[in-house]
Amino acid sequence: MSSKLSRRKMLGGALAAGASLPVIHGFLPRDNGGPPAAGAMAGHAGHDDFVHAGFAPGSTVDHRANGFNPTELLRDFDYGKTRRLASGRVLREWTIFAQDREIEVAPGVKYEAWTYNGRVPGPTLRAREGERLRIRLVNASEHPHTIHFHGIHTALMDGMPGIGENRGGGAIGPGEDFTYEFDAEPFGVHLYHCHVSPLASHISRGLYGAFIIDPKQGRPEADEMVMVMNGFDTNFDLANEVYAVNTVGFHYVNEPIRVGRDELLRVYLVNVLEFDPINSFHVHANFFQYYPTGTSLEPSEYTDTVIQGQGQRAILEMKFPFDGDYMFHAHVSEFAELGWSGFFRVGDPSQLSAASAAAAYCELPWGGAGGKT
Amino acid sequence: MEAGTQAERLQGGRLPAWLLGLLPLALIAAAIGAFALLGGPGLGDRTGPPIEEVAVERTVLRPGEIELTLRNDGPDPVEVAQVAVNDAFASFSTTNGQEIGRLGSTTLKVSYPWIEGEAYEIFILTASGGTIDAEIPVATETPEADLSFFGLMALLGIYVGVIPVSLGMLWLPFVRRIDARWIGALIAFTVGLLALLAIDAGLEGLEIAAEAPSAFGGAALVFAGALVAYLVLAGIDAYLSGRRDRARGAGTAVKGGLYMALLVSIGIGLHNLGEGLAIGSSYATGALALGAFLVVGFAIHNTTEGLAIVAPLRDGAGPDGRVRLSHLVAFGLIAGAPAVLGAWIGAAAFNPSLAALLFGVGVGAIVQVIVQIAPAMRDGAGRLLNPLSVAGMLAGIALLYVTGLLVAV
């Protein structure tokens with residue numbers, strides 16, 4: 001006779017006789033403050049060790065094949081090319097290519113991304129308040145795309161399909177190009193993204209990037225970095241399988257971000273996450289000043305956790321008073337354990353390696369503000 | 001003369017028969033070879049992304065570890081890239097590499113601190129970003145397949161198989177006392193009981209087949225198993241009947257009681273193989289509460305199967321008309337012991353494809369038994385469906401259904 005032993009029907013049912021309590025491993029306090037990252041994980045390759053969610057010990061994505069490394073991308077600001085107009089204003093120009101490209105978003109997991117300049121997120125475009133900006137989009141992709149900037153500009157420059165096609169704008173078809181031109185305003189941290197329908201598809205495929213407009217007077221000197229919170233719907237079921245900052249899940253767990261103790265850290269945080277209504281940012285053992293959209297020089301809140309909806313962004317400023325590894329992650333635990341986690345590795349500023357120091361202190365073309373030199 | 005040559009030509013001249021038999025095969029082989037050598041002229045590669053179909057065949061839980069056995073059910077190789085348990089990526093290792101070829105399998109050992117009694121959803125990310133879902137509705141440690149475990153499974157099989165069937169056979173004295181007119185009704189009772197048993201086993205087989213890789217046949221395995229079991233048993237019956245008829249010199253329409261009892265035992269035994277399999281695998285996955293209630297339920301339920309075996313013995317057995325104890329012991333083992341074997345297989349190496357096949361075998365065996373014993377239901381007018389037989393069948397169906405409620409979990 002059928003015993004209808006369906007497992008589902010047994011939910012909440014009795015437990016089998018003879019089963020012993022499993023030994024719970026992991027979640028043990030690690031008081032050494034030492035690296036729980038790649039090296040340590042490799043040293044704990046045993047199956048019964050689960051310190052925190054992550055990929056198999058020692059596994060990373062192929063940054064070379066991807067064409068970008070999130071560690072470098074973090075402090076990579078694209079200032080474009082400048083020249084002075086007759087009026088004395090600075091004209092800043094970029095050329096951006098829309099390209100289809102396969103990238104590895106988690107070790108072994110390939111994703112057919114749509115990119116600006118072959119990277120996800122696209123280049124962090126950085127300008128100064130009041131400059132004239134010209135951004136030429138060349139569509140080398142198989143699909144029509146635009147660049148829709150968050151900023152103040154005319155309808156033709158809005159990167160909106162259906163508006164301005166008769167003047168070469170609107171949706172830019174494969175092989176076509178278009179130049180967006182507008183003034184850099186208002187100052188703050190903004191974003192740009194493709195606005196072709198289906199929107200969720202064009203954005204979640206990777207067509208987005210941070211867009212920073214520095215205030216005329218600049219901001220205090222700091223170690224600056226860009227964090228674009230994103231995710232990837234690798235099986236196209238309208239939900240993300242991999243979450244990250246700057247694309248590669250758990251990247252900053254494997255390669256903690258090196259920062260100097262007592263140095264001012266400025267994070268340009270942008271949320272472009274598709275499919276999930278909110279994202280969040282939480283830093284361990286520290287608090288930060290929060291500047292929503294970066295449009296004010298006065299912080300709105302002193303906190304250690306914020307949430308952002310899609311398209312929201314802000315500037316975070318903090319200093320780490322103690323050496324050690326400090327986690328930062330989405331305080332949506334699901335996102336955190338599906339890749340959106342990382343570490344700041346705080347140490348003596350003079351001990352930072354030459355390479356990372358070089359990456360850490362960007363050189364602003366107008367000198368002074370925002371950079372160290 | 002002319003006609004002879006023509007016939008000869010039609011029969012392939014003087015070529016030997018075996019050569020004529022091989023010729024089409026050789027031509028097929030040549031055609032396949034040429035097709036392969038030319039790279040399949042006219043056919044391009046399949047377009048579109050790879051098709052990834054993977055079945056999770058087995059889940060084993062150990063402290064701090066979840067083990068999943070995957071079978072590639074699709075046309076293309078599948079590469080396992082990452083595994084997430086309850087929306088958290090977890091590190092894992094594989095026994096057979098991360099790439100699974102067509103119909104190949106690999107076992108993932110996922111490091112995860114699962115908690116007794118919780119439910120888990122697992123998704124496996126493939127290299128192309130596709131997902132394979134697995135579900136653990138109630139987590140409990142999978143028993144290790146050691147000697148004591150096999151002992152426990154054997155005990156379980158004896159509890160739900162051998163003992164109840166043997167107890168049911170204790171109705172024999174009662175069966176032999178009742179009036180001869182009731183023999184048709186008793187057989188009908190058995191037929192009704194077996195018919196519902198077959199339907200139930202078939203449905204359960206189909207349910208299990210739904211979880212099995214379709215490449216191995218899936219639901220078709222149930223039907224294949226049934227067909228094979230039916231044909232094999234029918235063949236054995238034909239062989240034995242032929243020998244017996246030759247020995248007696250004449251055939252009889254209705255078979256001897258002992259012979260019918262043996263057939264019923266075999267049918268029920270094959271059915272209990274599948275039942276043991278389901279019990280064993282459910283126990284191993286922690287889905288089966290081995291409460292006394294369930295064991296008692298199975299015992300009462302399977303007792304009816306013992307009654308089905310002894311019902312044909314109303315008119316005695318051997319030439320001397322007696323039923324020996326050794327016969328009864330043999331019937332009890334034939335009908336009940338396969339539950340032990342099934343429990344072993346189910347607990348130690350559960351495989352949905354095998355289970356579906358075995359459930360099908362049980363169905364086919366039962367149907368064959370019904371066909372064998374049904375003629376004994378005929379009344380004086382030779383009608384198969386007469387008031388007595390219909391009432392008997394309904395009683396059999398009712399009893400099996402009611403006792404089945406005891407084991408409906």
# chains A, B, ... in the order shown; residues from 1 in each chain; ligands from 1

call {"tool": "residues_around", "arguments": {"residues": "region 326-328 of chain A", "least_positions_apart": "5", "cutoff": "10 Å", "atoms": "only C-alpha atoms", "output": "list in words"}}
result
Gly33, Gly34, Pro35, Pro36, Tyr252, Val253, Pro256, Ile257, Phe281, His282, Val283, His284, Ala285, Asn286, Asp304, Thr305, Phe320, Ala336, Trp340, Ser341, Gly342, Phe343, Phe344, Arg345 and Val346 of chain A

call {"tool": "select_by_dssp", "arguments": {"residues": "region 148-295 of chain A", "states": "strand (DSSP E)", "output": "ChimeraX atom specification"}}
result
/A:148-149,177-183,188-193,208-214,223-232,242-245,257-260,265-271,278-283,288-292

call {"tool": "select_by_dssp", "arguments": {"residues": "region 34-132 of chain B", "states": "helix (DSSP H, G or I)", "output": "PyMOL selection string"}}
result
chain B and resi 34-37

call {"tool": "write_last_selection", "arguments": {"atoms": "N, CA and C atoms", "output": "mmCIF file, in the first residue's frame"}}
result
data_model
loop_
_atom_site.group_PDB
_atom_site.id
_atom_site.type_symbol
_atom_site.label_atom_id
_atom_site.label_comp_id
_atom_site.auth_asym_id
_atom_site.auth_seq_id
_atom_site.Cartn_x
_atom_site.Cartn_y
_atom_site.Cartn_z
ATOM 1 N N ALA B 34 29.105 7.040 -42.441
ATOM 2 C CA ALA B 34 29.239 8.074 -43.471
ATOM 3 C C ALA B 34 28.671 9.393 -42.959
ATOM 4 N N PHE B 35 27.551 9.315 -42.269
ATOM 5 C CA PHE B 35 26.896 10.507 -41.727
ATOM 6 C C PHE B 35 27.817 11.221 -40.748
ATOM 7 N N ALA B 36 28.461 10.407 -39.896
ATOM 8 C CA ALA B 36 29.363 10.977 -38.905
ATOM 9 C C ALA B 36 30.606 11.560 -39.560
ATOM 10 N N LEU B 37 31.145 10.838 -40.552
ATOM 11 C CA LEU B 37 32.352 11.294 -41.236
ATOM 12 C C LEU B 37 32.107 12.621 -41.945
#

call {"tool": "residues_around", "arguments": {"residues": "Glu263 (chain A)", "least_positions_apart": "5", "cutoff": "9 Å", "atoms": "only C-alpha atoms", "output": "number ranges by chain"}}
result
A: 222-223, 318-321, 349

call {"tool": "write_last_selection", "arguments": {"atoms": "C-alpha atoms", "output": "PDB file, in the first residue's frame"}}
result
ATOM      1  CA  ALA A 222      40.327  62.033   1.777  1.00  0.00           C
ATOM      2  CA  ASP A 223      40.919  58.510   0.556  1.00  0.00           C
ATOM      3  CA  MET A 318      34.403  57.925   8.256  1.00  0.00           C
ATOM      4  CA  LYS A 319      37.713  57.304  10.004  1.00  0.00           C
ATOM      5  CA  PHE A 320      38.816  53.991  11.487  1.00  0.00           C
ATOM      6  CA  PRO A 321      40.515  54.536  14.856  1.00  0.00           C
ATOM      7  CA  PRO A 349      49.015  54.529   6.678  1.00  0.00           C
TER       8      PRO A 349
END

call {"tool": "closest_atom_pairs", "arguments": {"of": "chain B", "to": "chain A", "cutoff": "8 Å", "atoms": "only C-alpha atoms", "output": "JSON lines"}}
result
{"residue": "B:Arg62", "atom": "CA", "partner": "A:Pro22", "partner_atom": "CA", "distance": 7.3}
{"residue": "B:Pro63", "atom": "CA", "partner": "A:Pro22", "partner_atom": "CA", "distance": 4.7}
{"residue": "B:Gly64", "atom": "CA", "partner": "A:Asp48", "partner_atom": "CA", "distance": 4.9}
{"residue": "B:Glu65", "atom": "CA", "partner": "A:Asp48", "partner_atom": "CA", "distance": 6.5}
{"residue": "B:Ala81", "atom": "CA", "partner": "A:Gly108", "partner_atom": "CA", "distance": 4.9}
{"residue": "B:Gln82", "atom": "CA", "partner": "A:Phe55", "partner_atom": "CA", "distance": 7.0}
{"residue": "B:Ala84", "atom": "CA", "partner": "A:Leu338", "partner_atom": "CA", "distance": 7.6}
{"residue": "B:Asp87", "atom": "CA", "partner": "A:Glu334", "partner_atom": "CA", "distance": 5.7}
{"residue": "B:Ala88", "atom": "CA", "partner": "A:Glu337", "partner_atom": "CA", "distance": 4.4}
{"residue": "B:Phe89", "atom": "CA", "partner": "A:Gly54", "partner_atom": "CA", "distance": 5.1}
{"residue": "B:Ala90", "atom": "CA", "partner": "A:Gly54", "partner_atom": "CA", "distance": 5.3}
{"residue": "B:Ser91", "atom": "CA", "partner": "A:Ala56", "partner_atom": "CA", "distance": 4.0}
{"residue": "B:Phe92", "atom": "CA", "partner": "A:Ala56", "partner_atom": "CA", "distance": 5.9}
{"residue": "B:Ser93", "atom": "CA", "partner": "A:Ala56", "partner_atom": "CA", "distance": 7.8}
{"residue": "B:Lys109", "atom": "CA", "partner": "A:His47", "partner_atom": "CA", "distance": 7.7}
{"residue": "B:Val110", "atom": "CA", "partner": "A:His47", "partner_atom": "CA", "distance": 7.2}
{"residue": "B:Ser111", "atom": "CA", "partner": "A:His47", "partner_atom": "CA", "distance": 4.8}
{"residue": "B:Tyr112", "atom": "CA", "partner": "A:Phe50", "partner_atom": "CA", "distance": 6.1}
{"residue": "B:Pro113", "atom": "CA", "partner": "A:Ile24", "partner_atom": "CA", "distance": 5.6}
{"residue": "B:Trp114", "atom": "CA", "partner": "A:Ile24", "partner_atom": "CA", "distance": 7.5}
{"residue": "B:Ile115", "atom": "CA", "partner": "A:Pro22", "partner_atom": "CA", "distance": 6.9}
{"residue": "B:Glu116", "atom": "CA", "partner": "A:Leu21", "partner_atom": "CA", "distance": 6.6}
{"residue": "B:Gly117", "atom": "CA", "partner": "A:Leu15", "partner_atom": "CA", "distance": 7.3}
{"residue": "B:Leu125", "atom": "CA", "partner": "A:Val109", "partner_atom": "CA", "distance": 7.1}
{"residue": "B:Thr126", "atom": "CA", "partner": "A:Val109", "partner_atom": "CA", "distance": 6.5}
{"residue": "B:Ala127", "atom": "CA", "partner": "A:Val109", "partner_atom": "CA", "distance": 4.3}
{"residue": "B:Ser128", "atom": "CA", "partner": "A:Lys110", "partner_atom": "CA", "distance": 5.3}
{"residue": "B:Gly129", "atom": "CA", "partner": "A:Thr234", "partner_atom": "CA", "distance": 4.4}
{"residue": "B:Gly130", "atom": "CA", "partner": "A:Asn235", "partner_atom": "CA", "distance": 4.6}
{"residue": "B:Thr131", "atom": "CA", "partner": "A:Asn235", "partner_atom": "CA", "distance": 6.4}
{"residue": "B:Pro137", "atom": "CA", "partner": "A:Arg8", "partner_atom": "CA", "distance": 6.0}
{"residue": "B:Val138", "atom": "CA", "partner": "A:Leu11", "partner_atom": "CA", "distance": 6.1}
{"residue": "B:Thr140", "atom": "CA", "partner": "A:Ala19", "partner_atom": "CA", "distance": 6.6}
{"residue": "B:Glu141", "atom": "CA", "partner": "A:Ala19", "partner_atom": "CA", "distance": 5.7}
{"residue": "B:Thr142", "atom": "CA", "partner": "A:Ala19", "partner_atom": "CA", "distance": 7.3}
{"residue": "B:Pro143", "atom": "CA", "partner": "A:Ala19", "partner_atom": "CA", "distance": 6.9}
{"residue": "B:Leu197", "atom": "CA", "partner": "A:Met1", "partner_atom": "CA", "distance": 5.8}
{"residue": "B:Asp200", "atom": "CA", "partner": "A:Ser2", "partner_atom": "CA", "distance": 5.8}
{"residue": "B:Ala201", "atom": "CA", "partner": "A:Ser2", "partner_atom": "CA", "distance": 6.0}
{"residue": "B:Glu204", "atom": "CA", "partner": "A:Ser2", "partner_atom": "CA", "distance": 6.3}
{"residue": "B:Glu275", "atom": "CA", "partner": "A:Met1", "partner_atom": "CA", "distance": 7.0}
{"residue": "B:Ala278", "atom": "CA", "partner": "A:Leu5", "partner_atom": "CA", "distance": 7.0}
{"residue": "B:Ile279", "atom": "CA", "partner": "A:Leu5", "partner_atom": "CA", "distance": 7.4}
{"residue": "B:Ser282", "atom": "CA", "partner": "A:Leu5", "partner_atom": "CA", "distance": 6.2}
{"residue": "B:Tyr283", "atom": "CA", "partner": "A:Ala16", "partner_atom": "CA", "distance": 6.8}
{"residue": "B:Gly286", "atom": "CA", "partner": "A:Ala16", "partner_atom": "CA", "distance": 5.0}
{"residue": "B:Ala287", "atom": "CA", "partner": "A:Arg7", "partner_atom": "CA", "distance": 5.4}
{"residue": "B:Leu288", "atom": "CA", "partner": "A:Ala16", "partner_atom": "CA", "distance": 6.2}
{"residue": "B:Ala289", "atom": "CA", "partner": "A:Ala16", "partner_atom": "CA", "distance": 5.1}
{"residue": "B:Leu290", "atom": "CA", "partner": "A:Ala17", "partner_atom": "CA", "distance": 6.4}
{"residue": "B:His301", "atom": "CA", "partner": "A:Met1", "partner_atom": "CA", "distance": 7.8}
{"residue": "B:Asn302", "atom": "CA", "partner": "A:Met1", "partner_atom": "CA", "distance": 8.0}
{"residue": "B:Gly404", "atom": "CA", "partner": "A:Met1", "partner_atom": "CA", "distance": 6.7}
{"residue": "B:Val407", "atom": "CA", "partner": "A:Ser3", "partner_atom": "CA", "distance": 5.8}
{"residue": "B:Ala408", "atom": "CA", "partner": "A:Ser3", "partner_atom": "CA", "distance": 5.8}
{"residue": "B:Val409", "atom": "CA", "partner": "A:Lys4", "partner_atom": "CA", "distance": 6.3}

call {"tool": "residues_around", "arguments": {"residues": "region 135-149 of chain A", "least_positions_apart": "3", "cutoff": "6 Å", "atoms": "only C-alpha atoms", "output": "PyMOL selection string"}}
result
chain A and resi 93-100+158-159+171-180+192-196

call {"tool": "residues_around", "arguments": {"residues": "region 352-368 of chain B", "least_positions_apart": "3", "cutoff": "7 Å", "atoms": "only C-alpha atoms", "output": "PyMOL selection string"}}
result
chain B and resi 57+194+198+201-202+205-206+208-209+211-212+216+218+221-227+229-230+233-234+267-268+270-271+274+277+371-372

call {"tool": "write_last_selection", "arguments": {"atoms": "C-alpha atoms", "output": "JSON list (two decimals), in the first residue's frame"}}
result
[["chain", "number", "residue", "atom", "x", "y", "z"],
["B", 57, "GLU", "CA", 18.90, 12.14, -7.08],
["B", 194, "LEU", "CA", -4.96, -6.62, -5.31],
["B", 198, "ALA", "CA", -1.93, -2.14, -8.07],
["B", 201, "ALA", "CA", 1.47, 1.30, -6.29],
["B", 202, "GLY", "CA", 1.20, 2.64, -9.84],
["B", 205, "GLY", "CA", 5.53, 4.94, -8.77],
["B", 206, "LEU", "CA", 4.45, 7.84, -10.99],
["B", 208, "ILE", "CA", 8.45, 9.10, -7.54],
["B", 209, "ALA", "CA", 9.12, 9.07, -11.28],
["B", 211, "GLU", "CA", 11.49, 13.38, -9.38],
["B", 212, "ALA", "CA", 13.60, 11.06, -11.51],
["B", 216, "PHE", "CA", 16.17, 7.40, -17.93],
["B", 218, "GLY", "CA", 10.82, 8.85, -15.87],
["B", 221, "LEU", "CA", 9.85, 3.31, -16.22],
["B", 222, "VAL", "CA", 6.76, 2.50, -14.18],
["B", 223, "PHE", "CA", 4.97, 1.18, -17.25],
["B", 224, "ALA", "CA", 8.08, -0.60, -18.50],
["B", 225, "GLY", "CA", 8.51, -2.27, -15.12],
["B", 226, "ALA", "CA", 4.88, -3.34, -15.10],
["B", 227, "LEU", "CA", 5.03, -4.71, -18.63],
["B", 229, "ALA", "CA", 7.02, -8.10, -14.74],
["B", 230, "TYR", "CA", 3.72, -9.12, -16.32],
["B", 233, "LEU", "CA", 5.49, -13.92, -14.80],
["B", 234, "ALA", "CA", 3.13, -14.91, -17.63],
["B", 267, "GLY", "CA", 2.89, -10.72, -6.79],
["B", 268, "ILE", "CA", 2.60, -9.38, -3.29],
["B", 270, "LEU", "CA", 7.27, -7.87, -5.72],
["B", 271, "HIS", "CA", 4.88, -5.23, -4.52],
["B", 274, "GLY", "CA", 8.65, -1.32, -3.78],
["B", 277, "LEU", "CA", 12.05, 0.84, -0.86],
["B", 371, "VAL", "CA", -5.40, -12.48, -14.39],
["B", 372, "GLN", "CA", -4.27, -15.84, -13.01]]

call {"tool": "residues_around", "arguments": {"residues": "Ala330 (chain B)", "least_positions_apart": "2", "cutoff": "12 Å", "atoms": "only C-alpha atoms", "output": "list of chain:residue names"}}
result
B:Val162, B:Val165, B:Ser166, B:Met169, B:Leu258, B:Ala261, B:Leu262, B:Ser265, B:Ile266, B:Gly269, B:Ile309, B:Val323, B:Arg324, B:Leu325, B:Ser326, B:His327, B:Leu328, B:Gly332, B:Leu333, B:Ile334, B:Ala335, B:Gly336, B:Ala337

call {"tool": "residues_around", "arguments": {"residues": "region 182-190 of chain B", "least_positions_apart": "5", "cutoff": "9 Å", "atoms": "only C-alpha atoms", "output": "ChimeraX atom specification"}}
result
/B:175,195,264,304-305,307-309,311-312,314-315,370,373-374,376-379,387-397

call {"tool": "atom_distance", "arguments": {"atom1": "CA of Pro164 (chain B)", "atom2": "CA of Val228 (chain B)"}}
result
27.9 Å

call {"tool": "closest_residue", "arguments": {"among": "A:Arg266, A:Asn254, A:Val332, A:Ser204", "to": "Pro220 (chain A)", "atoms": "only C-alpha atoms"}}
result
A:Arg266
